[in-house]
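**Student:** Supplied in structure tokens, the structure appears directly below.
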Number of protein chains: 2
Amino acid sequence: MRFFDCQPAPSPRRVRIFLAEKGLEVPTIEVDLASGEQFGEPFRRLNPWCTVPVLELDDGTCLTETVGICSYLEEVQPEPRLMGRDRRERALVLDWNHRIESEGLAAIAESFRNHSRGFRNRSVTGPGTYEQVPALIERGRARASRFFDELDGHLAGSPYVVDSVFTMADITALVAYDFAGWIKLDPAEGRAHLARWHKSVSARPSAKV
Amino acid sequence: MRFFDCQPAPSPRRVRIFLAEKGLEVPTIEVDLASGEQFGEPFRRLNPWCTVPVLELDDGTCLTETVGICSYLEEVQPEPRLMGRDRRERALVLDWNHRIESEGLAAIAESFRNHSRGFRNRSVTGPGTYEQVPALIERGRARASRFFDELDGHLAGSPYVVDSVFTMADITALVAYDFAGWIKLDPAEGRAHLARWHKSVSARPSAKV
């Protein structure tokens with residue numbers, strides 16, 4: 001296996017945390033997103049969507065979404081279980097993971113990419129050319145705030161995102177929380193349960209990656 | 001179990017097709033999205049995100065994302081396998097399913113919700129109030145077109161989305177394809193492989209639901 005990473009980007013950090021929790025080491029290649037390496041032919045042959053993370057399997061198959069990559073790694077190294085211990089938990093982990101991506105990560109990315117000068121004409125992830133839409137700067141922030149409100153309410157009754165066990169859903173939420181700093185949004189503000197949870201998951205050694 | 005459905009909406013159709021392929025029958029409640037039933041207290045207690053589909057388990061747990069719901073149903077009724085037969089296939093199904101959602105379904109929804117008069121102030125799924133952003137009408141179409149181009153290229157070398165077997169990834173792609181009609185986009189135009197695949201998956205009895 002080979003793991004294509006980019007240190008500053010939020011999504012591949014999810015895979016790094018997952019690997020650290022599993023105690024897995026996979027040969028890693030840093031992709032220089034800042035210089036546009038993801039749009040060059042060599043990388044595009046691996047992943048036509050031009051995104052990281054990518055996990056290339058030994059047979060050449062490339063997984064290009066965090067959920068696919070983590071599902072594979074969960075089967076390579078089942079313990080500790082990060083994607084649920086029974087059918088209900090497994091479903092809840094996928095459920096929350098998706099919700100956190102679409103309402104949290106995607107909302108923050110929407111605000112960031114439509115604002116940052118570095119993403120002019122690249123307001124959408126991938127190889128396409130899309131002008132920035134200024135209205136999305138505030139809309140993304142509002143959506144992210146609302147998402148953190150919901151998550152805070154949920155964490156009032158649960159130590160982790162899914163029941164009482166640390167899972168991939170916590171990893172995605174942790175990365176979304178930290179990513180919010182990129183748009184100068186502090187998820188802890190007025191959200192005591194979320195702040196408590198963040199302190200706890202950030203203290204894990206895996207969070208340092 | 002109870003399944004909360006809405007006939008005209010694309011996302012719950014994914015679950016209906018999944019159930020039909022499995023030969024499963026689950027007590028079903030129709031939610032009247034047009035009248036705003038999803039924003040009322042009874043439904044909001046089940047799903048604070050105010051979206052369908054929802055699968056309520058016998059212990060009261062509610063799954064609110066298609067990927068979580070299908071994962072649960074796959075374990076309730078493993079055959080026929082719709083989420084992969086080995087670790088590589090399972091990862092690829094989740095990988096493609098996510099890509100089709102974020103690049104296909106979400107792009108079409110972006111174009112549709114920012115255009116339709118019925119979604120004024122509701123340009124984002126869920127209970128929040130978000131004004132329509134006219135720039136997203138064309139952007140969503142362009143993203144969807146690009147997505148169908150990629151999928152067409154992929155299907156040139158594969159009878160189904162993942163290898164030679166019908167999976168959840170085909171279900172999501174089928175629903176995205178048909179949803180494109182809502183924005184008057186014909187995915188078949190100039191995409192012979194995609195058209196061949198669509199004809200094949202649409203001929204399955206499950207596609208009629």
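Naming scheme: A, B, ... for chains in displayed order of the structure tokens; residues 1 onward per chain; ligands 1 onward as shown.
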How close does segment 10-59 of chain A get to segment 89-99 of chain B? List, as a tab-separated table, each residue of segment 10-59 of chain A within 12 Å, its nearest atom pair and the distance in Å to one decimal, counting only C-alpha atoms.

**Tutor:**
residue	atom	partner	partner_atom	distance
A:Asn47	CA	B:Arg99	CA	11.8
A:Pro48	CA	B:Arg99	CA	11.6
A:Trp49	CA	B:Arg99	CA	9.2
A:Thr51	CA	B:Arg99	CA	11.1
A:Pro53	CA	B:Asp95	CA	11.6
A:Val54	CA	B:Asp95	CA	10.6
A:Leu55	CA	B:Ala91	CA	10.7
A:Glu56	CA	B:Leu92	CA	11.7
A:Leu57	CA	B:Ala91	CA	11.0

**Student:** Any idea which chain A residues end up within 10 Å of chain B if we count only C-alpha atoms, as a ChimeraX atom specification please?

**Tutor:** /A:48-49,57,61-76,86-99,102-103,106,124-136,139,142-143,146-147,150

**Student:** Write out as a count of residues only the set of residues from segment 31-143 of chain A that DSSP, computed on the backbone, places in helix (DSSP H, G or I).

**Tutor:** 62

**Student:** Could you give me, as a ChimeraX atom specification, the residues within 7 Å of Gln38 of chain B, counting only C-alpha atoms and dropping anything in the same chain fewer than 6 positions from it?

**Tutor:** /B:31,44,50-51

**Student:** For Gly140 of chain B, find every residue with an atom within 6 Å (counting only C-alpha atoms), except residues of its own chain fewer than 3 positions away, and show them as a list in words.

**Tutor:**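 Using only C-alpha atoms, the neighbours found are Ala107, Ile108, Glu110, Ser111, Leu136, Ile137 and Arg143 of chain B.
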
**Student:** I want to know what sits within 12 Å of Gly118 of chain A, based on only C-alpha atoms, with residues of the same chain fewer than 2 positions away left out; could you give that as number ranges by chain?

**Tutor:** A: 33-36, 112-116, 120-123, 131-132

**Student:** Got time to write the residues from that selection, C-alpha atoms, as a tab-separated table (two decimals), in the first residue's frame?

**Tutor:**
chain	number	residue	atom	x	y	z
A	33	LEU	CA	-1.12	20.71	-3.32
A	34	ALA	CA	0.20	24.26	-3.07
A	35	SER	CA	2.17	23.89	-6.31
A	36	GLY	CA	-0.68	22.01	-8.06
A	112	PHE	CA	-12.82	29.03	3.00
A	113	ARG	CA	-12.48	28.27	-0.70
A	114	ASN	CA	-14.78	31.06	-1.76
A	115	HIS	CA	-12.79	33.57	0.27
A	116	SER	CA	-9.11	32.63	0.13
A	120	ARG	CA	-9.53	32.05	-7.02
A	121	ASN	CA	-11.19	30.08	-9.88
A	122	ARG	CA	-10.89	26.93	-7.78
A	123	SER	CA	-13.82	27.34	-5.42
A	131	GLU	CA	-15.16	31.22	-9.88
A	132	GLN	CA	-15.51	32.13	-6.25

**Student:** Near Gln7 of chain B, counting only C-alpha atoms, which residues have an atom at most 12 Å away, once you skip same-chain residues fewer than 6 positions from it, shown as a ChimeraX atom specification?

**Tutor:** /B:13-17,28-34,52-53,208-209

**Student:** Write a file of the selected residues as an mmCIF file, in the first residue's frame, keeping C-alpha atoms.

**Tutor:**
data_model
loop_
_atom_site.group_PDB
_atom_site.id
_atom_site.type_symbol
_atom_site.label_atom_id
_atom_site.label_comp_id
_atom_site.auth_asym_id
_atom_site.auth_seq_id
_atom_site.Cartn_x
_atom_site.Cartn_y
_atom_site.Cartn_z
ATOM 1 C CA ARG B 13 -35.462 6.279 -3.581
ATOM 2 C CA ARG B 14 -31.945 4.958 -3.031
ATOM 3 C CA VAL B 15 -33.211 3.116 0.040
ATOM 4 C CA ARG B 16 -36.306 1.851 -1.788
ATOM 5 C CA ILE B 17 -34.159 0.381 -4.560
ATOM 6 C CA THR B 28 -43.030 2.657 5.565
ATOM 7 C CA ILE B 29 -44.284 6.105 6.528
ATOM 8 C CA GLU B 30 -44.605 8.762 3.844
ATOM 9 C CA VAL B 31 -43.348 12.169 4.983
ATOM 10 C CA ASP B 32 -44.962 15.097 3.212
ATOM 11 C CA LEU B 33 -41.940 17.239 2.403
ATOM 12 C CA ALA B 34 -44.034 19.557 0.228
ATOM 13 C CA VAL B 52 -35.412 11.823 4.629
ATOM 14 C CA PRO B 53 -34.709 8.947 4.425
ATOM 15 C CA LYS B 208 -39.274 0.993 -10.815
ATOM 16 C CA VAL B 209 -39.706 1.993 -7.176
#

**Student:** In Å to one decimal, how far is atom CA of Leu105 of chain A from atom CA of Val162 of chain A?

**Tutor:**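 We find that atom CA of Val162 of chain A and atom CA of Leu105 of chain A lie 18.0 Å from each other.
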